[in-house]
Amino acid sequence: MLGYSIESAWLGTRRHPFISVFIVLAVALGISAPFSAIALVERLGGDPLPGLSDTLFHPQIEPRPAEVFARDRAMPADLTLQDAEALYQLPSSPPAAMMSSNRLPAKRSGDDSPLRMTRTRATTWRFFSLFGLRFLAGRGWTAVDDEDRAPVVVLSRSANERIFGGGDSIGRVMQIATHTFRVIGVVDEFNPKPHFYDLGSGPFANAEDLYMPFRTWLDLPQDYGFGPTHCWPATGQSRERPTSPNCTWVQYWVNLPNAGAVARFRENLEAYVNGQRASGRFQVDAAPVLSNVRKWVEINNIVPPAVRMQTVIGSGVFLICMISAIGLLVAKFSRYGVDLSIRRALGATRRDIFWQCLFEAGIAGLAGGILSLPLTWLGFKMIQQQFPDLMTGVHINAAELSQSVLIAVIAMFAVGLYPAFRSSRIAPAQLIKTA
């Protein structure tokens with residue numbers, strides 16, 4: 001009997017093609033409008049580093065004087081160089097990475113073309129494993145290279161293609177700023193959205209092209225800056241010296257694989273802060289904060305309000321379209337109420353009529369979901385035009401698109417409950433007599 005109900009639902013869909021088409025259009029528009037915006041919000045404010053986000057943590061401490069803290073109680077996102085070095089050198093410190101970024105002039109040695117400003121990330125040797133970068137050739141540097149300030153560099157794939165034509169660049173020489181560097185590795189593109197590990201450079205900043213040892217970078221002529229830096233007046237210190245203890249600019253991330261590791265690091269972090277407070281350097285009694293990647297993205301509220309508003313508008317369109325679909329289904333079922341009544345008179349139960357009408361709504365949902373695929377893709381393109389910087393490197397894949405079909409079917413089954421129940425309660429005798 002169930003198969004017969006599905007067949008009857010298909011015949012009912014074909015019997016009134018115009019109303020069926022309008023229902024399908026309502027479903028397609030209702031699904032695609034919010035889905036493109038919701039998917040974008042999930043990509044921009046969701047998990048930028050799947051598989052590693054729950055074990056990668058970012059510490060925050062409050063090194064500023066009390067009068068500065070009174071004006072701005074938001075704890076600095078970055079650390080001072082002094083604090084980052086102290087945490088990094090703790091005897092029991094777990095795997096961690098210090099880092100910062102700027103733009104440096106770079107080119108292939110022997111190339112007569114002018115130097116080109118290139119986005120550079122200075123970091124310590126564990127960065128590549130902590131953040132899951134994949135090497136296409138060569139390797140990263142070692143802890144010894146860090147300490148020795150080795151003049152080595154790792155390129156991104158796009159930088160290798162631009163500077164060396166995509167060929168084997170391992171062992172080749174580059175000029176970066178005023179120094180000579182040797183290429184030791186090439187990594188695949190690494191551009192998580194949002195750019196969670198360095199929000200000061202912009203939550204949707206482009207990926208870095210060069211990676212070099214942190215202390216090697218510190219020895220370069222810092223005419224190009226230390227990345228986003230926040231300083232405050234301090235006795236005997238100059239605001240023009242970012243390496244002094246009154247400037248925050250160093251990003252620090254640490255790998256804590258389990259609850260025990262989190263507890264131990266938190267204990268060491270609190271002990272360090274208490275020690276600095278006891279020495280008189282820290283004036284504010286503020287507990288340090290430790291956030292994993294997911295929490296860090298959440299508390300920084302990275303998704304722009306304009307994108308969230310797109311979601312609200314899309315949800316409104318979805319609600320209007322679903323209400324319209326209910327009205328169209330009621331009108332459609334009413335138009336062939338006599339046919340349903342005759343089927344009842346021939347022995348069909350109310351349950352059979354209910355399932356027939358509900359399956360007809362499901363067919364409309366399936367067709368609308370399929371039609372929503374190109375509309376959702378078009379919605380992504382329209383948002384990309386509105387926010388070109390935001391959408392760089394952000395794409396919607398086939399798996400995400402296919403979810404809209406499932407949502408459309410489920411939504412139409414839910415929407416069709418009332419019209420199907422209403423049609424199943426029609427008194428057949430009265431309709432047949434009227435006809």
# chains A, B, ... in the order shown; residues from 1 in each chain; ligands from 1
>>> select_by_dssp(residues="segment 150-260 of chain A", states="strand (DSSP E)", output="compact mmCIF listing (two decimals) with N, CA and C atoms, in the first residue's frame")
# COMPACT_ATOMS: atom_id res chain seq x y z
N VAL A 152 67.85 30.25 6.96
CA VAL A 152 67.11 29.30 6.12
C VAL A 152 65.68 29.78 5.98
N VAL A 153 64.99 29.30 4.95
CA VAL A 153 63.62 29.73 4.69
C VAL A 153 62.83 28.58 4.09
N VAL A 154 61.56 28.53 4.42
CA VAL A 154 60.61 27.59 3.83
C VAL A 154 59.61 28.40 3.01
N LEU A 155 59.34 27.93 1.80
CA LEU A 155 58.44 28.65 0.90
C LEU A 155 57.07 27.98 0.85
N SER A 156 56.05 28.78 0.60
CA SER A 156 54.75 28.20 0.25
C SER A 156 54.79 27.74 -1.20
N VAL A 173 69.28 29.74 -3.37
CA VAL A 173 69.55 30.89 -2.52
C VAL A 173 68.60 32.04 -2.87
N MET A 174 68.17 32.75 -1.83
CA MET A 174 67.29 33.91 -2.00
C MET A 174 67.88 35.11 -1.26
N GLN A 175 67.52 36.27 -1.74
CA GLN A 175 67.81 37.50 -1.00
C GLN A 175 66.54 37.96 -0.31
N ILE A 176 66.58 38.07 1.00
CA ILE A 176 65.44 38.56 1.77
C ILE A 176 65.93 39.72 2.61
N HIS A 179 69.75 40.18 3.67
CA HIS A 179 70.46 38.94 3.99
C HIS A 179 70.23 37.88 2.91
N THR A 180 71.11 36.89 2.91
CA THR A 180 71.00 35.77 1.99
C THR A 180 70.47 34.55 2.75
N PHE A 181 69.46 33.90 2.17
CA PHE A 181 68.83 32.74 2.80
C PHE A 181 68.88 31.54 1.86
N ARG A 182 68.92 30.35 2.46
CA ARG A 182 68.90 29.12 1.69
C ARG A 182 67.54 28.44 1.87
N VAL A 183 66.95 28.04 0.76
CA VAL A 183 65.64 27.37 0.79
C VAL A 183 65.84 25.92 1.24
N ILE A 184 65.09 25.51 2.29
CA ILE A 184 65.21 24.13 2.78
C ILE A 184 63.91 23.35 2.67
N GLY A 185 62.81 24.02 2.32
CA GLY A 185 61.54 23.30 2.23
C GLY A 185 60.48 24.09 1.48
N VAL A 186 59.48 23.35 0.98
CA VAL A 186 58.32 23.94 0.32
C VAL A 186 57.08 23.27 0.91
N VAL A 187 56.14 24.08 1.40
CA VAL A 187 54.93 23.53 2.00
C VAL A 187 53.73 23.82 1.11
N LEU A 210 56.52 33.16 2.96
CA LEU A 210 57.83 32.78 3.47
C LEU A 210 57.71 32.43 4.95
N TYR A 211 58.46 31.40 5.37
CA TYR A 211 58.56 31.04 6.79
C TYR A 211 60.04 30.98 7.15
N MET A 212 60.40 31.66 8.24
CA MET A 212 61.81 31.66 8.65
C MET A 212 61.92 31.56 10.17
N PRO A 213 63.10 31.13 10.69
CA PRO A 213 63.28 31.03 12.14
C PRO A 213 63.04 32.36 12.84
N HIS A 230 51.21 46.55 19.98
CA HIS A 230 50.49 47.41 20.91
C HIS A 230 51.40 47.72 22.09
N CYS A 231 51.74 49.00 22.25
CA CYS A 231 52.65 49.42 23.31
C CYS A 231 51.95 50.36 24.28
N CYS A 247 55.44 46.11 25.16
CA CYS A 247 54.80 45.97 23.85
C CYS A 247 54.37 44.52 23.63
N THR A 248 53.14 44.33 23.22
CA THR A 248 52.67 42.97 22.89
C THR A 248 52.57 42.84 21.38
N TRP A 249 53.12 41.74 20.87
CA TRP A 249 53.06 41.49 19.42
C TRP A 249 53.38 40.04 19.06
N VAL A 250 53.77 39.22 20.03
CA VAL A 250 54.17 37.83 19.76
C VAL A 250 52.97 36.91 19.96
N GLN A 251 52.64 36.12 18.92
CA GLN A 251 51.61 35.10 19.07
C GLN A 251 52.26 33.82 19.63
N TYR A 252 51.53 33.16 20.50
CA TYR A 252 52.07 31.97 21.17
C TYR A 252 50.99 30.90 21.18
N TRP A 253 51.32 29.73 20.62
CA TRP A 253 50.39 28.60 20.60
C TRP A 253 51.10 27.36 21.13
N VAL A 254 50.35 26.56 21.87
CA VAL A 254 50.94 25.40 22.53
C VAL A 254 50.04 24.18 22.33
N ASN A 255 50.66 23.03 22.18
CA ASN A 255 49.92 21.78 21.99
C ASN A 255 49.70 21.10 23.34
>>> residues_around(residues="Thr311 of chain A", least_positions_apart="2", cutoff="6 Å", atoms="only C-alpha atoms", output="ChimeraX atom specification")
/A:34,37-38,308-309,313-314
>>> write_last_selection(atoms="C-alpha atoms", output="PDB file, in the first residue's frame")
ATOM      1  CA  PRO A  34      19.696  31.037   4.072  1.00  0.00           C
ATOM      2  CA  ALA A  37      24.815  32.522   4.240  1.00  0.00           C
ATOM      3  CA  ILE A  38      24.655  29.887   7.000  1.00  0.00           C
ATOM      4  CA  ARG A 308      25.355  37.478  10.050  1.00  0.00           C
ATOM      5  CA  MET A 309      22.668  39.841   8.763  1.00  0.00           C
ATOM      6  CA  ILE A 313      17.515  37.826   6.002  1.00  0.00           C
ATOM      7  CA  GLY A 314      17.892  34.365   4.481  1.00  0.00           C
TER       8      GLY A 314
END
>>> select_by_dssp(residues="segment 1-235 of chain A", states="helix (DSSP H, G or I)", output="PyMOL selection string")
chain A and resi 2-15+17-45+66-71+81-88+127-130+143-148+157-164+196-201+214-218+222-224
>>> residues_around(residues="Val297 of chain A", least_positions_apart="4", cutoff="7 Å", atoms="only C-alpha atoms", output="ChimeraX atom specification")
/A:45,196,293,301-302
>>> write_last_selection(atoms="C-alpha atoms", output="CSV table (one decimal), in the first residue's frame")
chain,number,residue,atom,x,y,z
A,45,GLY,CA,33.4,31.2,12.4
A,196,PHE,CA,42.9,32.5,13.9
A,293,VAL,CA,41.2,27.2,18.7
A,301,ASN,CA,33.3,37.0,17.3
A,302,ILE,CA,35.1,36.9,14.0
>>> residues_around(residues="Ser93 of chain A", least_positions_apart="3", cutoff="10 Å", atoms="only C-alpha atoms", output="list in words")
Ala86, Leu87, Tyr88, Gln89, Leu90, Ala96, Val254, Asn255, Arg264, Phe265, Asn268 and Leu269 of chain A
>>> closest_residue(among="A:Pro304, A:Pro245, A:Gly275, A:Pro114", to="Leu79 of chain A", atoms="only C-alpha atoms")
A:Pro245
>>> atom_distance(atom1="atom CA of Ser315 of chain A", atom2="atom CA of Trp355 of chain A")
28.3 Å
>>> atom_distance(atom1="atom CA of Thr123 of chain A", atom2="atom CA of Met98 of chain A")
5.5 Å
>>> closest_residue(among="A:Arg215, A:Arg294, A:Arg422, A:Arg351", to="Ala331 of chain A", atoms="only C-alpha atoms")
A:Arg422
>>> residues_around(residues="Ala411 of chain A", least_positions_apart="4", cutoff="12 Å", atoms="only C-alpha atoms", output="PyMOL selection string")
chain A and resi 26-28+30-31+318-319+321-323+325-326+358+361-366+368-369+404-407+415-417
>>> residues_around(residues="Asp209 of chain A", least_positions_apart="2", cutoff="9 Å", atoms="only C-alpha atoms", output="list in words")
Thr118, Arg119, Thr120, Arg121, Val154, Leu155, Ser156, Arg157, Ser158, Ala159, Asn160, Glu189, Ala207 and Tyr211 of chain A
>>> write_last_selection(atoms="N, CA and C atoms", output="PDB file, in the first residue's frame")
ATOM      1  N   THR A 118      56.955  40.561   0.353  1.00  0.00           N
ATOM      2  CA  THR A 118      56.381  39.226   0.488  1.00  0.00           C
ATOM      3  C   THR A 118      55.952  38.997   1.937  1.00  0.00           C
ATOM      4  N   ARG A 119      54.753  38.474   2.105  1.00  0.00           N
ATOM      5  CA  ARG A 119      54.232  38.220   3.449  1.00  0.00           C
ATOM      6  C   ARG A 119      55.036  37.104   4.106  1.00  0.00           C
ATOM      7  N   THR A 120      55.589  37.402   5.284  1.00  0.00           N
ATOM      8  CA  THR A 120      56.528  36.502   5.954  1.00  0.00           C
ATOM      9  C   THR A 120      56.032  36.145   7.353  1.00  0.00           C
ATOM     10  N   ARG A 121      56.170  34.869   7.712  1.00  0.00           N
ATOM     11  CA  ARG A 121      55.881  34.453   9.097  1.00  0.00           C
ATOM     12  C   ARG A 121      57.177  33.976   9.729  1.00  0.00           C
ATOM     13  N   VAL A 154      61.556  28.527   4.423  1.00  0.00           N
ATOM     14  CA  VAL A 154      60.612  27.585   3.827  1.00  0.00           C
ATOM     15  C   VAL A 154      59.611  28.399   3.013  1.00  0.00           C
ATOM     16  N   LEU A 155      59.335  27.934   1.798  1.00  0.00           N
ATOM     17  CA  LEU A 155      58.436  28.652   0.897  1.00  0.00           C
ATOM     18  C   LEU A 155      57.071  27.977   0.850  1.00  0.00           C
ATOM     19  N   SER A 156      56.049  28.777   0.600  1.00  0.00           N
ATOM     20  CA  SER A 156      54.748  28.205   0.254  1.00  0.00           C
ATOM     21  C   SER A 156      54.790  27.743  -1.201  1.00  0.00           C
ATOM     22  N   ARG A 157      53.831  26.927  -1.590  1.00  0.00           N
ATOM     23  CA  ARG A 157      53.812  26.442  -2.974  1.00  0.00           C
ATOM     24  C   ARG A 157      53.697  27.596  -3.957  1.00  0.00           C
ATOM     25  N   SER A 158      52.811  28.570  -3.651  1.00  0.00           N
ATOM     26  CA  SER A 158      52.634  29.690  -4.581  1.00  0.00           C
ATOM     27  C   SER A 158      53.900  30.544  -4.662  1.00  0.00           C
ATOM     28  N   ALA A 159      54.598  30.723  -3.534  1.00  0.00           N
ATOM     29  CA  ALA A 159      55.842  31.494  -3.571  1.00  0.00           C
ATOM     30  C   ALA A 159      56.915  30.764  -4.373  1.00  0.00           C
ATOM     31  N   ASN A 160      56.966  29.449  -4.249  1.00  0.00           N
ATOM     32  CA  ASN A 160      57.942  28.675  -5.014  1.00  0.00           C
ATOM     33  C   ASN A 160      57.662  28.775  -6.511  1.00  0.00           C
ATOM     34  N   GLU A 189      49.843  24.981   0.371  1.00  0.00           N
ATOM     35  CA  GLU A 189      49.177  26.202   0.817  1.00  0.00           C
ATOM     36  C   GLU A 189      48.546  25.999   2.189  1.00  0.00           C
ATOM     37  N   ALA A 207      47.399  34.098   3.159  1.00  0.00           N
ATOM     38  CA  ALA A 207      48.405  33.184   3.706  1.00  0.00           C
ATOM     39  C   ALA A 207      49.807  33.764   3.554  1.00  0.00           C
ATOM     40  N   TYR A 211      58.456  31.399   5.368  1.00  0.00           N
ATOM     41  CA  TYR A 211      58.557  31.044   6.790  1.00  0.00           C
ATOM     42  C   TYR A 211      60.037  30.984   7.149  1.00  0.00           C
TER      43      TYR A 211
END
>>> atom_distance(atom1="atom CA of Phe190 of chain A", atom2="atom CA of Arg149 of chain A")
24.1 Å
>>> residues_around(residues="Gly379 of chain A", least_positions_apart="4", cutoff="8 Å", atoms="only C-alpha atoms", output="list in words")
Ser32, Ala33, Ser36, Ala37, Leu375 and Ile383 of chain A
>>> closest_residue(among="A:Val303, A:Ile170, A:Ala177, A:Leu104", to="Gly140 of chain A", atoms="only C-alpha atoms")
A:Ile170
